[in-house]
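**Student:** Dumping the structure here so I can ask a few things about it.
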Amino acid sequence: MRRLHRLDEGEALAPLLAAAALPPEIGRRVRERALALVRQARAAHRQGADVSAFLAEFGLDTREGVALLCLAEALLRIPDAATQDALIEATLGEGDWQAHLGHADSLAVNASAFAFLLSGRVLQLDESRAVPAAIARAVQRLGEPVIRAALRQGMRVLARQFVMGRTIEEALERAAGAEGRRWRYSFDMLGEAARTAADAERYFAAYRTAIGAAGRASAGLGPVAGHGVSVKLSALHPRYEPLQADRCVPALIGALGALAREAKAQGIGLTVDAEEAERLEISLDILEAVRGETALAGWEGLGLAVQAYQKRAPAVLEWTAALARRSGHAIPVRLVKGAYWDAEIKQTQVQGLPDYPVFTRKAATDVSWLACARRLLELRGLLRPAFATHNALSVAYVLELAEGQEIEMQRLYGMGEALYAPVVARGEAPVRVYAPVGSHEDLLAYLVRRLLENGANTSFVHRLVDPEVPEEAIVADPVAAARAGPPRHPRIPLPAALYPDRRNSRGLDLADPAVREPALAAVRAAAGRPWSDPALRTGTLREIRSPADRAALVGTVWEAGPADLDAALAAASAAWRGWDALGGAARAAVLERAADLIEAHRFDFLALLAREAGRTLADGNAEVREAADFCRWYAARAREWFGPPRELPGPTGERNTWALGGRGVFACISPWNFPLAIFTGQVAAALAAGNAVAAKPAEQTPLVAALAVRLLHEAGVPPAVLHLLPGEGATVGAALVGDPRIAGVAFTGGTETAQHIARALAARGGPIVPFIAETGGINAMVVDSSALPEQVVADALASAFNSAGQRCSALRLLCLQEDIADRVLAMLAGAAAELRLGDPLDPATDIGPVIGEAAREELEGWCRGLGAPPLFEVPLPAGLGRGTFFAPRAYALESARALTREVFGPVLHVVRWRSGALDRLLDDIAANGYALTLGVHSRIASVQRHVAERLRVGNTYVNRNQIGAVVGVQPFGGHGLSGTGPKAGGPVTLIRFATELAVSVNTAAAGGNAALLAMDGEGG
């Protein structure tokens, strides 16, 4: 089955097209039946019956629809009035609500449009209108509480269209009413992706309560005719991840088994919902184990949902049928199209994987659903099918092929009622409603998925109530559409083709056992070999030991002596002009070969990064990708900028040209925290610009650098052009900086060291030497009360503690609006407790060691100096005593000004700020003098802009919590986290590696003699 995970889309679709296609006569009957359903649904669509009219009017292709989506998922959970008002003003103040007034037949939609129109007008009053400023301010001030209350109530009304009840009792009361009795129900207790053990316990209790209540209400009808409950495994364990299978799978078998036994005792069904594709295998393992429990013998209520948008959907059906044969029990299967499509696409692109696990075209997903539906009907007896769809053609297809078999249709609460009412009335099939239950705090993820699915203008729900869409178009055959179109969506390239000017780096899917096991074998084999720098030097031989286990010898390195430096600089000085003369295109080809070689030696690098630098496999994989991306990005820039001289406009009779060329020999001094990516980025930039390079890696990580240099040489960089010079900064680094043959310096490291280098370069005689420095930072994250706490926690943990906090971009200062601070900190502590520290060669390890004993002692000293206990501290597991591990922790500070320097490790500092005091907080952040990176968590665009503009930080990350784009601004580079694109050396940086040549040839001189003027610039 796993082989199908990244199957080519056309290859995956071909058998499904054949399976879904119908003989002409049956196809005609299906189409006629679907047309009848559409006509009946349109005729019977009552005002306010469901949210279809609302979605049709305020679709996600309108600015107003997006604004309402933001309001619906955020407004009800913002605790303070000031932030509520700011969000309302930001989302409604610019909407054209008048354009929506009177369009829809629904009274509720028109009433909503009028309310939003009125709110927007009040919020837009200012001096530019024909209302005196004082009156405008008074109206706005008096209107805010009224508007706030009205909109909160409106959002509650909207939420109730999607959620059946705040409690299971409330939902069951609705189900027992005259209207509710027409349907069966599967109750879903809202809540997923538990962040903490406490979350998981709370969700488990909610599921158990729901099972008991649903069982009592079903009154012995059994799992087929009675109510059911749907459960998400992600709600039952905070680390429901493939790489954490050793601890989450046993725990989830226990939790799901307990719920299944309760469901059996109550005589109802229990369905395991499908989630992200990478979790499919462990989900099936859990389901198989629970189905095999002796205590569940004789009960056929345990089922699962199957996502048709996954290429593996047919294989999952066959696997489930085989499980039914083995267990001797029929297994209920809910066939859905899928609810995580956008996330699957984005994650696959970010990870650089070969292909998507889902179909990229809607027609292909529709075909897959039909083919799976047909196969489900063929497997009746082993499987008990339930067909979840809001599409009239899909309904007609199933009803036509079922031929009186016992089946079940399913719809979402609040949608599809008009479509299914005639199906129920005629007794063609029972219909079960998937009914979410919960409060607004747990609504977000579900609501966003529902609105994205059904608010899109291509969805059946949207098209059904749009009178402009012809009936024939609504029931168009997806098989024909899929055959007529391209095999994949033309605007969704494969991850490798994501960038127009270069190939994206390849990722490594460690969640896939078929990839992970051979990869781990190769990495462990590489880790077991002794490594050394093969160059023979006049310096000293030094051992390199692992920070994860100081007793473990990684390899040996010869550190460069004075004779080595002199020989290297002499050779580089003689060779750089020839390298420069090759031109940008030739150098680009070399760098692209280097990128290929880096990826080909991925497992060697993963082993070295883990053993020499303490990098986890996930971090190491991202770093390998980043190094390859650097090579390819600079290769593209070399072709773009370092070609033949460019013609410039000028006076008649004069020819002006402009070109970039190398400067000479660059010293590249790189750090240990990104020993491959930053090292490669510096070197690749210098080489792309036509320079020779004297590369000094950090003294802690020379073996990674040695392998990178060997591969660059193998790719075609002449040995005379690129020299590796390991050693200490005080000796090798200082000698390079002071040597007059060095034409420029690139440095990443501490601020004090950078200042020392700058002074040394300034003291040299001769031309001004370019100095490109990326130094430390105090990365702050500003969080207001509109932010989603779950996303804040996920981002804060990743930024503060990944790489053991040893990034200059790591989160150091978390600034929480006090209205949500307690909730966020409690969740942060609980989520941090689930992190795993240990051997970086273990794929389950989240956090490895700090780089050495001196680093650990410095961190311990800083924490002691704070003079207060930590807010939380992740305990160190036993058995790590031989490594330099440091327990991640967090401390409260009175002010952002109290963080006086960069603390390079997994120490998070937390500051609370009050509503209305944002500018004071920003002043405190600015006072620390660092401006490398910044994070903003806010739903309010004006807050995002204000923070970014006030602080003027080079790299600003804005998280809008699933709504709108995620914006990353990196004008001056700086290494990032994912390894999916160039993280440093933007245009400003690369040109500083070059000499800018402006040449003017005056061909109008008397006698035709040309005068050549050359200007040797400073290169930016």
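Naming scheme: A, B, ... for chains in displayed order of the structure tokens; residues 1 onward per chain; ligands 1 onward as shown.
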Do a neighbour search on segment 160-169 of chain A at 6 Å with only C-alpha atoms, toss out local chain neighbours closer than 3 positions, and write the hits as JSON, numbers by chain.
**Tutor:** {"A": [157, 172, 210, 414, 435, 436, 437, 438, 439]}
**Student:** How would the residues just picked look written out with C-alpha atoms as a short mmCIF file (atom, residue, chain, number, x, y, z; two decimals), in the first residue's frame?
**Tutor:**
```
data_model
loop_
_atom_site.label_atom_id
_atom_site.label_comp_id
_atom_site.auth_asym_id
_atom_site.auth_seq_id
_atom_site.Cartn_x
_atom_site.Cartn_y
_atom_site.Cartn_z
CA VAL A 157 -25.84 31.82 14.99
CA LEU A 172 -29.48 14.62 21.28
CA ALA A 210 -20.95 10.99 24.24
CA GLY A 414 -26.20 21.98 8.34
CA ALA A 435 -23.02 16.01 13.71
CA PRO A 436 -20.26 18.01 15.44
CA VAL A 437 -20.74 18.78 19.12
CA GLY A 438 -18.76 21.34 21.11
CA SER A 439 -18.19 24.93 22.12
#
```
**Student:** With a distance cut-off of 8 Å and only C-alpha atoms, select the neighbouring residues of segment 789-798 of chain A, excluding the residue or stretch itself and same-chain residues fewer than 2 positions from it, and output the selection as a ChimeraX atom specification.
**Tutor:** /A:195,783,787,800-802,811,814,820,823-824,827-828,831-832,937,961
**Student:** Could you pull out the helix (DSSP H, G or I) residues of segment 776-806 of chain A from DSSP and send them as an NGL selection string?
**Tutor:** :A and (789-805)
**Student:** Restricting the output to N, CA and C atoms, write the selected residues as an mmCIF file, in the first residue's frame.
**Tutor:**
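Output saved as result28.cif:
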```cif
data_model
loop_
_atom_site.group_PDB
_atom_site.id
_atom_site.type_symbol
_atom_site.label_atom_id
_atom_site.label_comp_id
_atom_site.auth_asym_id
_atom_site.auth_seq_id
_atom_site.Cartn_x
_atom_site.Cartn_y
_atom_site.Cartn_z
ATOM 1 N N PRO A 789 -4.148 29.893 20.188
ATOM 2 C CA PRO A 789 -3.150 29.383 21.132
ATOM 3 C C PRO A 789 -2.456 28.114 20.663
ATOM 4 N N GLU A 790 -3.200 27.189 20.054
ATOM 5 C CA GLU A 790 -2.586 25.939 19.607
ATOM 6 C C GLU A 790 -1.469 26.200 18.595
ATOM 7 N N GLN A 791 -1.693 27.157 17.700
ATOM 8 C CA GLN A 791 -0.665 27.452 16.704
ATOM 9 C C GLN A 791 0.503 28.211 17.316
ATOM 10 N N VAL A 792 0.204 29.092 18.266
ATOM 11 C CA VAL A 792 1.278 29.789 18.985
ATOM 12 C C VAL A 792 2.191 28.771 19.658
ATOM 13 N N VAL A 793 1.600 27.804 20.332
ATOM 14 C CA VAL A 793 2.388 26.795 21.041
ATOM 15 C C VAL A 793 3.230 25.979 20.060
ATOM 16 N N ALA A 794 2.642 25.554 18.961
ATOM 17 C CA ALA A 794 3.398 24.764 17.984
ATOM 18 C C ALA A 794 4.581 25.555 17.445
ATOM 19 N N ASP A 795 4.359 26.815 17.081
ATOM 20 C CA ASP A 795 5.441 27.632 16.542
ATOM 21 C C ASP A 795 6.493 27.948 17.601
ATOM 22 N N ALA A 796 6.043 28.255 18.819
ATOM 23 C CA ALA A 796 6.988 28.603 19.876
ATOM 24 C C ALA A 796 7.889 27.419 20.216
ATOM 25 N N LEU A 797 7.330 26.230 20.327
ATOM 26 C CA LEU A 797 8.147 25.054 20.640
ATOM 27 C C LEU A 797 9.151 24.774 19.525
ATOM 28 N N ALA A 798 8.693 24.838 18.285
ATOM 29 C CA ALA A 798 9.591 24.553 17.168
ATOM 30 C C ALA A 798 10.718 25.575 17.101
ATOM 31 N N SER A 799 10.381 26.840 17.271
ATOM 32 C CA SER A 799 11.395 27.877 17.127
ATOM 33 C C SER A 799 12.341 27.928 18.316
ATOM 34 N N ALA A 800 11.824 27.752 19.523
ATOM 35 C CA ALA A 800 12.660 27.889 20.717
ATOM 36 C C ALA A 800 13.525 26.666 20.973
ATOM 37 N N PHE A 801 13.036 25.461 20.650
ATOM 38 C CA PHE A 801 13.706 24.251 21.119
ATOM 39 C C PHE A 801 14.257 23.363 20.009
ATOM 40 N N ASN A 802 13.773 23.466 18.781
ATOM 41 C CA ASN A 802 14.404 22.699 17.708
ATOM 42 C C ASN A 802 15.874 23.096 17.598
ATOM 43 N N SER A 803 16.699 22.166 17.186
ATOM 44 C CA SER A 803 18.147 22.380 17.145
ATOM 45 C C SER A 803 18.691 22.763 18.515
ATOM 46 N N ALA A 804 18.005 22.323 19.572
ATOM 47 C CA ALA A 804 18.383 22.656 20.952
ATOM 48 C C ALA A 804 18.511 24.160 21.141
ATOM 49 N N GLY A 805 17.673 24.907 20.432
ATOM 50 C CA GLY A 805 17.695 26.358 20.560
ATOM 51 C C GLY A 805 18.937 27.011 20.004
#
```
**Student:** Taking only C-alpha atoms into account, name the residue in A:Ala588, A:Leu16, A:Ala521, A:Ala511 that is nearest to Leu243 of chain A.
**Tutor:** A:Ala511
